[in-house]
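Undergrad: One file: upload.pdb (PDB, C-alpha atoms, pLDDT in the B column).
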```
ATOM      1  CA  MET A 174     -32.559  26.183  27.141  1.00 54.00           C
ATOM      2  CA  ASP A 175     -30.758  27.725  24.189  1.00 71.00           C
ATOM      3  CA  PHE A 176     -27.358  26.799  25.606  1.00 72.00           C
ATOM      4  CA  PRO A 177     -27.510  23.044  24.649  1.00 80.00           C
ATOM      5  CA  ILE A 178     -28.629  23.921  21.129  1.00 81.00           C
ATOM      6  CA  ILE A 179     -25.715  26.349  20.740  1.00 81.00           C
ATOM      7  CA  VAL A 180     -23.224  23.748  22.044  1.00 82.00           C
ATOM      8  CA  ILE A 181     -24.607  21.056  19.727  1.00 82.00           C
ATOM      9  CA  GLY A 182     -24.490  23.480  16.787  1.00 80.00           C
ATOM     10  CA  LEU A 183     -20.884  24.454  17.531  1.00 83.00           C
ATOM     11  CA  GLY A 184     -19.916  20.781  17.909  1.00 85.00           C
ATOM     12  CA  LEU A 185     -21.521  19.852  14.594  1.00 85.00           C
ATOM     13  CA  GLY A 186     -19.927  22.853  12.876  1.00 84.00           C
ATOM     14  CA  THR A 187     -16.509  21.877  14.207  1.00 88.00           C
ATOM     15  CA  LEU A 188     -16.991  18.254  13.137  1.00 85.00           C
ATOM     16  CA  ILE A 189     -18.059  19.254   9.628  1.00 86.00           C
ATOM     17  CA  THR A 190     -15.072  21.631   9.331  1.00 86.00           C
ATOM     18  CA  LEU A 191     -12.674  18.866  10.427  1.00 83.00           C
ATOM     19  CA  LEU A 192     -14.180  16.441   7.885  1.00 82.00           C
ATOM     20  CA  ILE A 193     -13.797  18.992   5.091  1.00 82.00           C
ATOM     21  CA  VAL A 194     -10.152  19.668   6.059  1.00 79.00           C
ATOM     22  CA  PHE A 195      -9.473  15.911   6.196  1.00 72.00           C
ATOM     23  CA  LYS A 196     -11.045  15.378   2.761  1.00 76.00           C
ATOM     24  CA  ILE A 197      -8.990  18.224   1.237  1.00 72.00           C
ATOM     25  CA  SER A 198      -5.772  16.882   2.814  1.00 70.00           C
ATOM     26  CA  LEU A 199      -6.458  13.361   1.545  1.00 65.00           C
ATOM     27  CA  SER A 200      -7.206  14.682  -1.938  1.00 72.00           C
ATOM     28  CA  ARG A 201      -3.924  16.636  -1.988  1.00 74.00           C
ATOM     29  CA  MET A 202      -1.996  13.579  -0.847  1.00 67.00           C
ATOM     30  CA  HIS A 203      -3.550  11.462  -3.639  1.00 65.00           C
ATOM     31  CA  ARG A 204      -2.596  14.114  -6.219  1.00 73.00           C
ATOM     32  CA  ARG A 205       0.961  14.225  -4.836  1.00 74.00           C
ATOM     33  CA  MET A 206       1.212  10.424  -4.966  1.00 68.00           C
ATOM     34  CA  LYS A 207      -0.017  10.379  -8.585  1.00 72.00           C
ATOM     35  CA  ILE A 208       2.692  12.911  -9.470  1.00 71.00           C
ATOM     36  CA  LEU A 209       5.355  10.806  -7.700  1.00 71.00           C
ATOM     37  CA  ILE A 210       4.194   7.697  -9.567  1.00 73.00           C
ATOM     38  CA  GLY A 211       4.563   9.565 -12.857  1.00 72.00           C
ATOM     39  CA  GLU A 212       8.010  10.888 -11.914  1.00 78.00           C
ATOM     40  CA  ARG A 213       9.474   7.612 -10.677  1.00 77.00           C
ATOM     41  CA  ILE A 214       7.933   4.990 -12.969  1.00 80.00           C
ATOM     42  CA  LYS A 215       7.570   5.221 -16.734  1.00 79.00           C
ATOM     43  CA  GLU A 216       3.901   4.948 -17.697  1.00 75.00           C
ATOM     44  CA  GLY A 217       4.404   1.930 -19.958  1.00 83.00           C
ATOM     45  CA  GLU A 218       6.007  -0.038 -17.107  1.00 92.00           C
ATOM     46  CA  ILE A 219       3.024   0.195 -14.738  1.00 89.00           C
ATOM     47  CA  ILE A 220       0.849  -2.916 -14.528  1.00 92.00           C
ATOM     48  CA  VAL A 221      -1.326  -1.767 -11.601  1.00 93.00           C
ATOM     49  CA  ALA A 222      -1.064   1.326  -9.397  1.00 91.00           C
ATOM     50  CA  THR A 223      -3.006   3.083  -6.670  1.00 91.00           C
ATOM     51  CA  PRO A 224      -2.227   6.370  -4.918  1.00 88.00           C
ATOM     52  CA  SER A 225      -4.267   5.261  -1.893  1.00 89.00           C
ATOM     53  CA  ALA A 226      -2.729   2.133  -0.369  1.00 95.00           C
ATOM     54  CA  CYS A 227      -2.752   1.992   3.436  1.00 95.00           C
ATOM     55  CA  PHE A 228       0.579   0.608   4.674  1.00 96.00           C
ATOM     56  CA  PHE A 229       0.382  -1.893   7.557  1.00 95.00           C
ATOM     57  CA  GLY A 230       4.117  -2.265   8.043  1.00 95.00           C
ATOM     58  CA  VAL A 231       6.908  -4.788   7.671  1.00 96.00           C
ATOM     59  CA  LYS A 232       6.635  -7.939   9.797  1.00 96.00           C
ATOM     60  CA  SER A 233      10.277  -7.958  10.955  1.00 94.00           C
ATOM     61  CA  LEU A 234       9.966  -4.406  12.328  1.00 92.00           C
ATOM     62  CA  GLY A 235       7.114  -5.357  14.676  1.00 90.00           C
ATOM     63  CA  SER A 236       3.859  -3.648  15.513  1.00 82.00           C
ATOM     64  CA  LYS A 237       5.242  -0.322  16.742  1.00 82.00           C
ATOM     65  CA  GLN A 238       5.957   1.159  13.313  1.00 87.00           C
ATOM     66  CA  ILE A 239       4.239   4.004  11.532  1.00 83.00           C
ATOM     67  CA  ARG A 240       1.344   3.026   9.312  1.00 84.00           C
ATOM     68  CA  GLY A 241       0.431   5.417   6.557  1.00 88.00           C
ATOM     69  CA  ASN A 242      -1.039   6.028   3.157  1.00 90.00           C
ATOM     70  CA  GLY A 243       0.902   6.077  -0.052  1.00 92.00           C
ATOM     71  CA  ALA A 244       1.255   4.850  -3.606  1.00 92.00           C
ATOM     72  CA  LEU A 245       1.585   1.156  -4.440  1.00 96.00           C
ATOM     73  CA  ILE A 246       2.849   0.297  -7.926  1.00 94.00           C
ATOM     74  CA  LEU A 247       3.318  -3.064  -9.621  1.00 96.00           C
ATOM     75  CA  THR A 248       5.696  -3.207 -12.580  1.00 94.00           C
ATOM     76  CA  ARG A 249       7.061  -6.183 -14.543  1.00 92.00           C
ATOM     77  CA  GLU A 250      10.089  -6.217 -12.242  1.00 93.00           C
ATOM     78  CA  GLU A 251       9.013  -5.050  -8.784  1.00 95.00           C
ATOM     79  CA  LEU A 252       6.370  -4.083  -6.274  1.00 97.00           C
ATOM     80  CA  TYR A 253       7.096  -0.504  -5.275  1.00 96.00           C
ATOM     81  CA  PHE A 254       5.555   1.482  -2.398  1.00 96.00           C
ATOM     82  CA  ILE A 255       6.026   5.154  -1.539  1.00 92.00           C
ATOM     83  CA  ARG A 256       4.664   6.089   1.902  1.00 92.00           C
ATOM     84  CA  ALA A 257       3.502   9.708   1.929  1.00 86.00           C
ATOM     85  CA  LEU A 258       4.311  10.812   5.491  1.00 83.00           C
ATOM     86  CA  PRO A 259       7.009  10.410   6.551  1.00 86.00           C
ATOM     87  CA  GLU A 260       8.131   9.659   3.012  1.00 85.00           C
ATOM     88  CA  LYS A 261       9.772   6.265   2.668  1.00 92.00           C
ATOM     89  CA  GLU A 262      10.172   3.837  -0.228  1.00 92.00           C
ATOM     90  CA  PHE A 263       9.932   0.060  -0.285  1.00 95.00           C
ATOM     91  CA  ARG A 264      11.037  -1.908  -3.353  1.00 95.00           C
ATOM     92  CA  ILE A 265      10.402  -5.637  -3.596  1.00 97.00           C
ATOM     93  CA  PRO A 266      11.824  -7.367  -6.684  1.00 96.00           C
ATOM     94  CA  LEU A 267       9.308  -9.870  -8.072  1.00 95.00           C
ATOM     95  CA  ASP A 268      11.891 -12.644  -8.093  1.00 93.00           C
ATOM     96  CA  SER A 269      12.191 -12.323  -4.284  1.00 95.00           C
ATOM     97  CA  ILE A 270       8.434 -12.777  -3.657  1.00 96.00           C
ATOM     98  CA  LYS A 271       7.619 -16.153  -2.115  1.00 95.00           C
ATOM     99  CA  SER A 272       3.844 -15.823  -1.614  1.00 95.00           C
ATOM    100  CA  VAL A 273       0.907 -13.429  -1.674  1.00 96.00           C
ATOM    101  CA  THR A 274      -1.912 -13.862   0.844  1.00 97.00           C
ATOM    102  CA  MET A 275      -4.956 -11.906   1.971  1.00 97.00           C
ATOM    103  CA  PRO A 276      -5.188 -12.005   5.789  1.00 97.00           C
ATOM    104  CA  ARG A 277      -7.654  -9.843   7.719  1.00 96.00           C
ATOM    105  CA  SER A 278      -4.973  -8.587  10.129  1.00 95.00           C
ATOM    106  CA  PHE A 279      -1.233  -7.956  10.075  1.00 95.00           C
ATOM    107  CA  ASN A 280       1.185  -7.103  12.887  1.00 92.00           C
ATOM    108  CA  GLY A 281      -1.756  -6.966  15.316  1.00 90.00           C
ATOM    109  CA  LYS A 282      -3.667  -4.402  13.221  1.00 91.00           C
ATOM    110  CA  SER A 283      -6.849  -4.842  11.199  1.00 91.00           C
ATOM    111  CA  VAL A 284      -9.381  -2.976   9.087  1.00 91.00           C
ATOM    112  CA  PHE A 285     -11.711  -6.023   9.135  1.00 91.00           C
ATOM    113  CA  SER A 286     -11.327  -6.645   5.420  1.00 96.00           C
ATOM    114  CA  PRO A 287      -8.730  -8.611   3.420  1.00 97.00           C
ATOM    115  CA  LEU A 288      -5.266  -7.083   3.184  1.00 98.00           C
ATOM    116  CA  LEU A 289      -2.665  -7.615   0.485  1.00 98.00           C
ATOM    117  CA  CYS A 290       0.238  -9.378   2.214  1.00 97.00           C
ATOM    118  CA  VAL A 291       3.458 -10.154   0.345  1.00 97.00           C
ATOM    119  CA  SER A 292       6.072 -12.535   1.760  1.00 97.00           C
ATOM    120  CA  TYR A 293       9.497 -12.043   0.251  1.00 97.00           C
ATOM    121  CA  GLU A 294      13.141 -12.827   0.764  1.00 96.00           C
ATOM    122  CA  ASN A 295      15.197  -9.905   2.041  1.00 93.00           C
ATOM    123  CA  ASN A 296      18.947 -10.418   2.491  1.00 91.00           C
ATOM    124  CA  GLY A 297      18.477 -14.165   2.846  1.00 93.00           C
ATOM    125  CA  LYS A 298      15.647 -13.883   5.402  1.00 96.00           C
ATOM    126  CA  LEU A 299      11.918 -14.269   4.877  1.00 97.00           C
ATOM    127  CA  ASP A 300       9.894 -11.137   5.662  1.00 97.00           C
ATOM    128  CA  SER A 301       6.443  -9.828   4.821  1.00 97.00           C
ATOM    129  CA  ILE A 302       4.701  -6.520   4.232  1.00 97.00           C
ATOM    130  CA  ALA A 303       0.991  -5.656   3.979  1.00 97.00           C
ATOM    131  CA  TRP A 304      -1.361  -3.001   2.660  1.00 98.00           C
ATOM    132  CA  SER A 305      -5.044  -2.299   2.608  1.00 97.00           C
ATOM    133  CA  VAL A 306      -5.976  -1.709  -1.037  1.00 97.00           C
ATOM    134  CA  LYS A 307      -9.140  -1.714  -3.098  1.00 96.00           C
ATOM    135  CA  ASN A 308      -9.566  -5.078  -4.832  1.00 96.00           C
ATOM    136  CA  PRO A 309      -6.793  -6.998  -3.023  1.00 97.00           C
ATOM    137  CA  ASP A 310      -7.790 -10.153  -4.933  1.00 97.00           C
ATOM    138  CA  SER A 311      -7.042  -8.441  -8.246  1.00 97.00           C
ATOM    139  CA  TRP A 312      -3.660  -7.262  -6.924  1.00 97.00           C
ATOM    140  CA  LYS A 313      -2.896 -10.799  -5.713  1.00 97.00           C
ATOM    141  CA  LYS A 314      -3.739 -12.307  -9.103  1.00 96.00           C
ATOM    142  CA  SER A 315      -1.571  -9.753 -10.942  1.00 96.00           C
ATOM    143  CA  ILE A 316       1.413 -10.304  -8.634  1.00 96.00           C
ATOM    144  CA  ASP A 317       1.059 -14.098  -8.749  1.00 95.00           C
ATOM    145  CA  TYR A 318       0.865 -14.035 -12.560  1.00 94.00           C
ATOM    146  CA  LEU A 319       3.951 -11.822 -12.910  1.00 94.00           C
ATOM    147  CA  CYS A 320       5.920 -13.857 -10.356  1.00 89.00           C
ATOM    148  CA  VAL A 321       5.267 -17.036 -12.333  1.00 86.00           C
ATOM    149  CA  LYS A 322       6.416 -15.237 -15.494  1.00 78.00           C
ATOM    150  CA  VAL A 323       9.563 -13.895 -13.788  1.00 73.00           C
ATOM    151  CA  THR A 324      10.383 -17.314 -12.293  1.00 67.00           C
ATOM    152  CA  SER A 325       9.953 -19.182 -15.571  1.00 61.00           C
ATOM    153  CA  GLN A 326      12.031 -16.522 -17.384  1.00 60.00           C
ATOM    154  CA  ALA A 327      14.804 -16.903 -14.792  1.00 51.00           C
ATOM    155  CA  CYS A 328      14.693 -20.702 -15.238  1.00 44.00           C
ATOM    156  CA  LYS A 329      15.012 -20.308 -19.018  1.00 49.00           C
ATOM    157  CA  GLU A 330      17.976 -17.973 -18.580  1.00 51.00           C
ATOM    158  CA  LYS A 331      19.733 -20.437 -16.237  1.00 46.00           C
ATOM    159  CA  LYS A 332      19.350 -23.248 -18.794  1.00 45.00           C
ATOM    160  CA  SER A 333      20.880 -21.129 -21.571  1.00 44.00           C
TER     161      SER A 333
END
```
Mind converting the file's structure to structure tokens?
TA:
Amino acid sequence: MDFPIIVIGLGLGTLITLLIVFKISLSRMHRRMKILIGERIKEGEIIVATPSACFFGVKSLGSKQIRGNGALILTREELYFIRALPEKEFRIPLDSIKSVTMPRSFNGKSVFSPLLCVSYENNGKLDSIAWSVKNPDSWKKSIDYLCVKVTSQACKEKKS
């Protein structure tokens, strides 16, 4: 009779230990991402940033790519993402962004909430990239606003 109680207790203890290890690992990754943001982008240039964006991939690379957490940063000139593991950077100049949408899935993957999806021109071809972020609507509004500003500034420069 005591055997099931011991097994349940060991199972719960193991589960709790795994959750604690996961929480510590996630916290360390967020701290590392905050440090990387500070090292790579000057503080005054950051419009919006999060150390906890969940990368859903690049459309042209298909559904068999590595998802992962990392830092997403919006500046006046680009949308910049640093994936934590394996470390990889994605830089999207604002003047190449064609649209920002909020689908519930991307590349056959979903978290059942709106994602931030950015369509952009890359070497003459249209591509898109998506993340799960807190407040995707706020991110969308910020990107849309800056893209309009960048586009109108480029138009003014062409006329000069």
Undergrad: Would you kindly identify which residues have an atom no farther than 12 Å from (-2.8, -10.7, -2.6), using all atoms listed in the file and the file's own coordinates, and write them out as a PyMOL selection string?
TA: chain A and resi 252+270-277+287-292+301-318
Undergrad: Within 6 Å of (9.1, -4.5, -17.6) (file coordinates; all atoms listed in the file), which protein or nucleic acid residues are there? I'd like them as a ChimeraX atom specification.
TA: /A:218,249-250
Undergrad: Restricting the calculation to only C-alpha atoms: of A:Lys261, A:Phe279, A:Ile197, A:Leu267, which residue gets closest to A:Val321?
TA: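 Nearest candidate to A:Val321 out of A:Lys261, A:Phe279, A:Ile197, A:Leu267: A:Leu267.
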Undergrad: Spell out the residues picked by the PyMOL selection byres ((chain A and resi 224) around 7) here, as a VMD selection string.
TA: chain A and resid 203 206 to 207 222 to 223 225 to 226 243 to 245
Undergrad: Using C-alpha atoms, can you write the selected residues to a file as a PDB file, keeping the file's coordinate frame?
TA:
```pdb
ATOM      1  CA  HIS A 203      -3.550  11.462  -3.639  1.00 65.00           C
ATOM      2  CA  MET A 206       1.212  10.424  -4.966  1.00 68.00           C
ATOM      3  CA  LYS A 207      -0.017  10.379  -8.585  1.00 72.00           C
ATOM      4  CA  ALA A 222      -1.064   1.326  -9.397  1.00 91.00           C
ATOM      5  CA  THR A 223      -3.006   3.083  -6.670  1.00 91.00           C
ATOM      6  CA  SER A 225      -4.267   5.261  -1.893  1.00 89.00           C
ATOM      7  CA  ALA A 226      -2.729   2.133  -0.369  1.00 95.00           C
ATOM      8  CA  GLY A 243       0.902   6.077  -0.052  1.00 92.00           C
ATOM      9  CA  ALA A 244       1.255   4.850  -3.606  1.00 92.00           C
ATOM     10  CA  LEU A 245       1.585   1.156  -4.440  1.00 96.00           C
TER      11      LEU A 245
END
```
Undergrad: Between A:Gly217, A:Gly182, A:Gly211, A:Gly235, which residue has the minimum interatomic distance to A:Asp300, considering only C-alpha atoms?
TA: A:Gly235
Undergrad: At what distance in Å, to one decimal, does atom CA of A:Lys196 lie from atom CA of A:Arg213?
TA: 25.7 Å
Undergrad: Identify which of the residues A:Arg204, A:Lys232, A:Lys215, A:Lys322 lies closest to A:Lys282, counting only C-alpha atoms when measuring atom-to-atom distances.
TA: A:Lys232
Undergrad: Figure out the distance between atom CA of A:Leu191 and atom CA of A:Asn242, please, to one decimal in Å.
TA: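 These atoms are spaced 18.8 Å apart.
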Undergrad: Pick out the closest residue to A:Glu294 from this set: A:Ser278, A:Ser233, A:Val194, A:Arg240. Count only C-alpha atoms.
TA: A:Ser233
Undergrad: Between atom CA of A:Cys227 and atom CA of A:Thr187, what is the distance, to one decimal in Å?
TA: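 If I compute the distance from atom CA of A:Cys227 to atom CA of A:Thr187, I get 26.5 Å.
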Undergrad: Can you give me, as JSON, numbers by chain, the residues this file yields under the PyMOL selection byres ((chain A and resi 268) around 7)?
TA: {"A": [266, 267, 269, 270, 320, 323, 324]}
Undergrad: Could the residues in this selection be saved with C-alpha atoms as a PDB file, keeping the file's coordinate frame?
TA:
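The new file again21.pdb reads:
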```
ATOM      1  CA  PRO A 266      11.824  -7.367  -6.684  1.00 96.00           C
ATOM      2  CA  LEU A 267       9.308  -9.870  -8.072  1.00 95.00           C
ATOM      3  CA  SER A 269      12.191 -12.323  -4.284  1.00 95.00           C
ATOM      4  CA  ILE A 270       8.434 -12.777  -3.657  1.00 96.00           C
ATOM      5  CA  CYS A 320       5.920 -13.857 -10.356  1.00 89.00           C
ATOM      6  CA  VAL A 323       9.563 -13.895 -13.788  1.00 73.00           C
ATOM      7  CA  THR A 324      10.383 -17.314 -12.293  1.00 67.00           C
TER       8      THR A 324
END
```
Undergrad: With all atoms listed in the file as the basis for distance, which of A:Glu216, A:Gly186, A:Asn280, A:Ile181 is at the shortest distance from A:Leu234?
TA: A:Asn280
Undergrad: How big is the axis-aligned box, and where does its centre sit, when it encloses all atoms of stretch 232-238 of chain A listed in the file and has 3 Å added on every side, reported in Å to one decimal as JSON?
TA:
```
{"center_x": 7.1, "center_y": -3.4, "center_z": 13.3, "size_x": 12.4, "size_y": 15.1, "size_z": 12.9}
```
Undergrad: Just stretch 234-272 of chain A, please, as a CSV table (one decimal), in the first residue's frame (only N, CA and C atoms).
TA:
```csv
chain,number,residue,atom,x,y,z
A,234,LEU,N,12.0,29.2,-45.3
A,234,LEU,CA,12.8,28.1,-44.8
A,234,LEU,C,12.0,26.9,-44.4
A,235,GLY,N,10.6,27.1,-44.5
A,235,GLY,CA,9.7,26.0,-44.2
A,235,GLY,C,9.5,25.7,-42.8
A,236,SER,N,8.8,24.6,-42.5
A,236,SER,CA,8.4,24.3,-41.1
A,236,SER,C,9.4,23.5,-40.3
A,237,LYS,N,10.4,23.0,-40.9
A,237,LYS,CA,11.4,22.2,-40.2
A,237,LYS,C,12.6,22.9,-39.7
A,238,GLN,N,12.4,24.2,-39.3
A,238,GLN,CA,13.5,24.9,-38.7
A,238,GLN,C,13.3,25.0,-37.2
A,239,ILE,N,14.4,25.4,-36.6
A,239,ILE,CA,14.4,25.5,-35.1
A,239,ILE,C,13.7,26.7,-34.6
A,240,ARG,N,12.7,26.5,-33.8
A,240,ARG,CA,12.1,27.6,-33.1
A,240,ARG,C,13.0,28.0,-31.9
A,241,GLY,N,12.7,29.0,-31.2
A,241,GLY,CA,13.5,29.3,-30.0
A,241,GLY,C,13.2,30.7,-29.5
A,242,ASN,N,13.6,30.9,-28.3
A,242,ASN,CA,13.4,32.2,-27.6
A,242,ASN,C,14.6,33.1,-27.8
A,243,GLY,N,14.3,34.4,-27.7
A,243,GLY,CA,15.4,35.3,-27.9
A,243,GLY,C,14.9,36.7,-27.7
A,244,ALA,N,15.7,37.7,-28.1
A,244,ALA,CA,15.4,39.1,-27.9
A,244,ALA,C,14.9,39.7,-29.2
A,245,LEU,N,13.8,40.4,-29.1
A,245,LEU,CA,13.3,41.2,-30.3
A,245,LEU,C,13.4,42.7,-30.0
A,246,ILE,N,14.0,43.4,-30.9
A,246,ILE,CA,14.2,44.8,-30.7
A,246,ILE,C,13.8,45.6,-31.9
A,247,LEU,N,13.0,46.7,-31.6
A,247,LEU,CA,12.6,47.6,-32.7
A,247,LEU,C,13.3,48.9,-32.5
A,248,THR,N,14.1,49.3,-33.5
A,248,THR,CA,14.7,50.6,-33.5
A,248,THR,C,14.1,51.5,-34.6
A,249,ARG,N,14.6,52.7,-34.8
A,249,ARG,CA,14.1,53.6,-35.8
A,249,ARG,C,14.4,53.1,-37.2
A,250,GLU,N,15.4,52.2,-37.3
A,250,GLU,CA,15.8,51.7,-38.6
A,250,GLU,C,15.6,50.3,-38.9
A,251,GLU,N,15.4,49.4,-37.9
A,251,GLU,CA,15.3,48.0,-38.2
A,251,GLU,C,14.5,47.3,-37.1
A,252,LEU,N,14.1,46.1,-37.4
A,252,LEU,CA,13.6,45.1,-36.5
A,252,LEU,C,14.7,44.1,-36.4
A,253,TYR,N,15.1,43.8,-35.1
A,253,TYR,CA,16.3,43.0,-34.9
A,253,TYR,C,16.0,41.9,-33.9
A,254,PHE,N,16.3,40.7,-34.3
A,254,PHE,CA,16.0,39.5,-33.4
A,254,PHE,C,17.3,38.7,-33.2
A,255,ILE,N,17.6,38.4,-31.9
A,255,ILE,CA,18.7,37.5,-31.6
A,255,ILE,C,18.1,36.3,-30.9
A,256,ARG,N,18.2,35.1,-31.6
A,256,ARG,CA,17.8,33.9,-31.1
A,256,ARG,C,18.8,33.4,-30.1
A,257,ALA,N,18.4,32.9,-28.9
A,257,ALA,CA,19.3,32.5,-27.9
A,257,ALA,C,20.1,31.2,-28.2
A,258,LEU,N,19.4,30.2,-28.5
A,258,LEU,CA,20.1,28.9,-28.8
A,258,LEU,C,19.5,28.2,-30.0
A,259,PRO,N,20.2,27.8,-31.0
A,259,PRO,CA,21.6,28.3,-31.2
A,259,PRO,C,21.5,29.7,-31.6
A,260,GLU,N,22.5,30.5,-31.2
A,260,GLU,CA,22.5,31.9,-31.4
A,260,GLU,C,22.5,32.3,-32.9
A,261,LYS,N,21.5,33.1,-33.3
A,261,LYS,CA,21.4,33.5,-34.7
A,261,LYS,C,20.8,34.9,-34.7
A,262,GLU,N,21.2,35.8,-35.6
A,262,GLU,CA,20.6,37.1,-35.7
A,262,GLU,C,19.8,37.3,-36.9
A,263,PHE,N,18.7,38.0,-36.8
A,263,PHE,CA,17.9,38.4,-38.0
A,263,PHE,C,17.7,39.9,-37.9
A,264,ARG,N,18.1,40.6,-39.0
A,264,ARG,CA,17.9,42.1,-39.1
A,264,ARG,C,17.0,42.4,-40.3
A,265,ILE,N,15.9,43.1,-40.0
A,265,ILE,CA,15.0,43.5,-41.1
A,265,ILE,C,14.9,45.0,-41.1
A,266,PRO,N,15.5,45.6,-42.1
A,266,PRO,CA,15.4,47.1,-42.3
A,266,PRO,C,13.9,47.5,-42.4
A,267,LEU,N,13.5,48.6,-41.7
A,267,LEU,CA,12.1,49.0,-41.8
A,267,LEU,C,11.7,49.3,-43.2
A,268,ASP,N,12.6,49.8,-44.0
A,268,ASP,CA,12.1,50.2,-45.4
A,268,ASP,C,11.9,49.0,-46.3
A,269,SER,N,12.2,47.8,-45.8
A,269,SER,CA,11.9,46.5,-46.5
A,269,SER,C,10.6,45.9,-46.1
A,270,ILE,N,10.0,46.4,-45.0
A,270,ILE,CA,8.8,45.8,-44.5
A,270,ILE,C,7.6,46.1,-45.3
A,271,LYS,N,6.9,45.1,-45.7
A,271,LYS,CA,5.7,45.4,-46.6
A,271,LYS,C,4.4,45.3,-45.8
A,272,SER,N,4.3,44.5,-44.8
A,272,SER,CA,3.1,44.4,-44.0
A,272,SER,C,3.4,43.8,-42.6
```
